[in-house]
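**Q** This structure is in C-alpha cells; I'll ask about it shortly.
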Amino acid sequence: MIPLRTELGLKKFPIFTLLLCLVFLGVFFIPNLSEVSFFHFPTGIHLVSNIIYLWVFGAAVFERRGLVIPLLVGFLGAFLSGKTYFLLHPHAQFDLSLGEALVGVVLGIYMRREIWGNVETLVFGFKWFRVYLVPSYVHLFFWFFYLMVGNLFLTPPLSEAPMLYWIHVFSFLWGFLAESILGVMMKTHDDSTATTQP
C-alpha cells in the first residue's frame, strides 16, 4: 500500500518538499554527506518509505502552514524525541537518525486535521494492483509497519538498541499536539479579530 495523493490536492508544485526529499537522498547516497546523522536513514527501506510519506503528506502541510512553523515544530520535535530517548536509555551509545522523527512530526501535523480524510493509494497484491481511496489513519499504521520492516535490517549498534519506536511515536504525538495548540491559537485570534471589527 503506497500513498499517492491526498484528497486536499495542491495549488502549486511542492518545490520545498522536493528539495527536502533530495536532501534525504543526498545524505543517504553521497559519502561525504552520510555523516550528517540527523538526516541519515539507517536502511533503504527507511529512506524510501519516509520520502514517499514526506512527499504526499508533507506537501499538504507546508502548503497549509507555510514553511517556518512546520520546520520549527519539526526540528524541535525531532530534537526532543532524541533527548527523551537518551533520558530513558542513558547507556545507549550511537547516533540517532532523526530524519524519521521530522517526518513523524509532519505526519502528526497532517493527521490532526485530516485523520479521517482520504488518500489516493496504490494497493497491490500478487499479480494485481489498483488505486483506491484509503483513510489517512490507515497510512499512519502503514508508516509504522514500514519502519518495523526496515528495523529488521538494522545493523549493530542500532539493531541492539531498545525502544527505537519511541522516536517515531513521540515525534508523531508532538506534531499532533502542536497542530492542536496552533489550531486553538488561530481560532482565538480569529474570534478576537471578528469581535473588534465594527
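A note on labels: chains of the C-alpha cells are A, B, ... as shown, every chain counts residues from 1, and ligands are counted from 1 in their shown order.
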If we count only C-alpha atoms, what is near stretch 129-138 of chain A at a cut-off of 12 Å, once residues fewer than 4 positions away on the same chain are taken out, given as a ChimeraX atom specification?
**A** /A:1-8,53,56-57,107-108,110-125,142-145
**Q** Output N, CA and C atoms of each residue in that selection to a file, as a short mmCIF file (atom, residue, chain, number, x, y, z; two decimals), in the first residue's frame.
**A**
```
data_model
loop_
_atom_site.label_atom_id
_atom_site.label_comp_id
_atom_site.auth_asym_id
_atom_site.auth_seq_id
_atom_site.Cartn_x
_atom_site.Cartn_y
_atom_site.Cartn_z
N MET A 1 0.85 -1.18 0.00
CA MET A 1 0.00 0.00 0.00
C MET A 1 0.89 1.24 0.00
N ILE A 2 0.73 2.07 -1.03
CA ILE A 2 1.59 3.25 -1.18
C ILE A 2 0.71 4.48 -1.38
N PRO A 3 0.83 5.50 -0.52
CA PRO A 3 0.04 6.72 -0.72
C PRO A 3 0.51 7.47 -1.96
N LEU A 4 -0.45 8.02 -2.69
CA LEU A 4 -0.13 8.74 -3.92
C LEU A 4 -0.46 10.23 -3.83
N ARG A 5 -1.65 10.55 -3.31
CA ARG A 5 -2.08 11.95 -3.26
C ARG A 5 -3.21 12.11 -2.26
N THR A 6 -3.15 13.17 -1.46
CA THR A 6 -4.25 13.43 -0.54
C THR A 6 -5.42 14.04 -1.28
N GLU A 7 -6.60 13.92 -0.69
CA GLU A 7 -7.79 14.48 -1.34
C GLU A 7 -7.81 15.99 -1.28
N LEU A 8 -6.93 16.60 -0.47
CA LEU A 8 -6.88 18.05 -0.38
C LEU A 8 -6.38 18.67 -1.68
N TYR A 53 6.19 9.27 2.20
CA TYR A 53 5.26 9.89 3.14
C TYR A 53 5.49 11.40 3.26
N VAL A 56 3.94 13.01 0.02
CA VAL A 56 2.48 13.04 -0.04
C VAL A 56 1.87 13.94 1.04
N PHE A 57 2.30 13.73 2.30
CA PHE A 57 1.67 14.43 3.41
C PHE A 57 2.37 15.75 3.74
N LEU A 107 3.70 14.16 9.86
CA LEU A 107 2.51 13.30 9.85
C LEU A 107 1.55 13.66 10.97
N GLY A 108 2.10 13.97 12.15
CA GLY A 108 1.25 14.38 13.27
C GLY A 108 0.49 15.65 12.96
N TYR A 110 -0.32 16.77 9.99
CA TYR A 110 -1.33 16.46 8.98
C TYR A 110 -2.52 15.71 9.58
N MET A 111 -2.24 14.68 10.36
CA MET A 111 -3.31 13.81 10.87
C MET A 111 -4.21 14.52 11.87
N ARG A 112 -3.72 15.58 12.50
CA ARG A 112 -4.56 16.30 13.47
C ARG A 112 -5.85 16.81 12.82
N ARG A 113 -5.75 17.22 11.57
CA ARG A 113 -6.93 17.77 10.90
C ARG A 113 -7.53 16.83 9.85
N GLU A 114 -6.71 15.95 9.33
CA GLU A 114 -7.17 15.14 8.20
C GLU A 114 -7.11 13.64 8.46
N ILE A 115 -7.16 13.25 9.73
CA ILE A 115 -7.02 11.82 10.04
C ILE A 115 -8.18 11.00 9.46
N TRP A 116 -9.34 11.65 9.27
CA TRP A 116 -10.49 10.95 8.70
C TRP A 116 -10.62 11.22 7.20
N GLY A 117 -9.69 11.96 6.64
CA GLY A 117 -9.72 12.22 5.21
C GLY A 117 -9.28 11.00 4.41
N ASN A 118 -9.31 11.14 3.09
CA ASN A 118 -8.94 10.03 2.21
C ASN A 118 -7.70 10.35 1.40
N VAL A 119 -7.00 9.31 1.03
CA VAL A 119 -5.77 9.43 0.26
C VAL A 119 -5.84 8.46 -0.92
N GLU A 120 -5.57 8.98 -2.13
CA GLU A 120 -5.46 8.08 -3.28
C GLU A 120 -4.27 7.16 -3.04
N THR A 121 -4.49 5.86 -3.14
CA THR A 121 -3.50 4.89 -2.69
C THR A 121 -3.35 3.76 -3.69
N LEU A 122 -2.12 3.42 -3.97
CA LEU A 122 -1.83 2.24 -4.78
C LEU A 122 -1.83 1.01 -3.88
N VAL A 123 -2.81 0.17 -4.09
CA VAL A 123 -2.93 -1.06 -3.31
C VAL A 123 -2.56 -2.21 -4.24
N PHE A 124 -1.66 -3.06 -3.80
CA PHE A 124 -1.18 -4.11 -4.70
C PHE A 124 -1.10 -5.44 -3.97
N GLY A 125 -1.17 -6.49 -4.75
CA GLY A 125 -1.05 -7.84 -4.23
C GLY A 125 -0.31 -8.69 -5.25
N PHE A 142 0.50 2.05 8.40
CA PHE A 142 1.45 1.51 7.44
C PHE A 142 2.82 2.18 7.55
N TRP A 143 2.85 3.46 7.94
CA TRP A 143 4.14 4.12 8.17
C TRP A 143 4.91 3.38 9.27
N PHE A 144 4.21 3.09 10.36
CA PHE A 144 4.85 2.33 11.44
C PHE A 144 5.25 0.93 10.97
N PHE A 145 4.41 0.34 10.14
CA PHE A 145 4.72 -1.00 9.63
C PHE A 145 5.99 -0.98 8.78
#
```
**Q** I want to know what sits within 8 Å of A:Leu154, based on only C-alpha atoms, with residues of the same chain fewer than 5 positions away left out; could you give that as a short mmCIF file (atom, residue, chain, number, x, y, z; two decimals) with C-alpha atoms, in the first residue's frame?
**A**
```
data_model
loop_
_atom_site.label_atom_id
_atom_site.label_comp_id
_atom_site.auth_asym_id
_atom_site.auth_seq_id
_atom_site.Cartn_x
_atom_site.Cartn_y
_atom_site.Cartn_z
CA PRO A 42 19.67 3.62 8.54
CA THR A 43 18.34 1.46 5.68
CA SER A 159 19.83 -3.34 15.85
#
```
**Q** Return as an MDAnalysis selection string the full set of residues in stretch 6-45 of chain A whose backbone-based DSSP assignment is helix (DSSP H, G or I).
**A** chainID A and resid 15:29 44:45
**Q** Between atom CA of A:Pro70 and atom CA of A:Val106, measure the distance and give it in Å to one decimal.
**A**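 Straight-line distance from atom CA of A:Pro70 to atom CA of A:Val106 works out to 7.0 Å.
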**Q** Going by DSSP on the backbone, which residues of stretch 54-169 of chain A come out as strand (DSSP E)? List them as a PyMOL selection string.
**A** chain A and resi 118-125+128-135
**Q** Grab the residues selected above and save them as a JSON list (two decimals), in the first residue's frame with C-alpha atoms.
**A**
```
[["chain", "number", "residue", "atom", "x", "y", "z"],
["A", 118, "ASN", "CA", -8.94, 10.03, 2.21],
["A", 119, "VAL", "CA", -5.77, 9.43, 0.26],
["A", 120, "GLU", "CA", -5.46, 8.08, -3.28],
["A", 121, "THR", "CA", -3.50, 4.89, -2.69],
["A", 122, "LEU", "CA", -1.83, 2.24, -4.78],
["A", 123, "VAL", "CA", -2.93, -1.06, -3.31],
["A", 124, "PHE", "CA", -1.18, -4.11, -4.70],
["A", 125, "GLY", "CA", -1.05, -7.84, -4.23],
["A", 128, "TRP", "CA", -2.58, -7.16, -9.33],
["A", 129, "PHE", "CA", -2.74, -3.53, -8.30],
["A", 130, "ARG", "CA", -5.49, -0.93, -8.01],
["A", 131, "VAL", "CA", -5.85, 2.70, -6.96],
["A", 132, "TYR", "CA", -8.33, 3.20, -4.11],
["A", 133, "LEU", "CA", -9.30, 5.95, -1.71],
["A", 134, "VAL", "CA", -7.95, 4.88, 1.67],
["A", 135, "PRO", "CA", -8.48, 6.72, 5.01]]
```
**Q** With only C-alpha atoms as the basis for distance, which of A:Leu173, A:Met185, A:Leu87, A:Ile52 is at the shortest distance from A:Tyr146?
**A**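 For A:Tyr146, the nearest of the given residues is A:Ile52.
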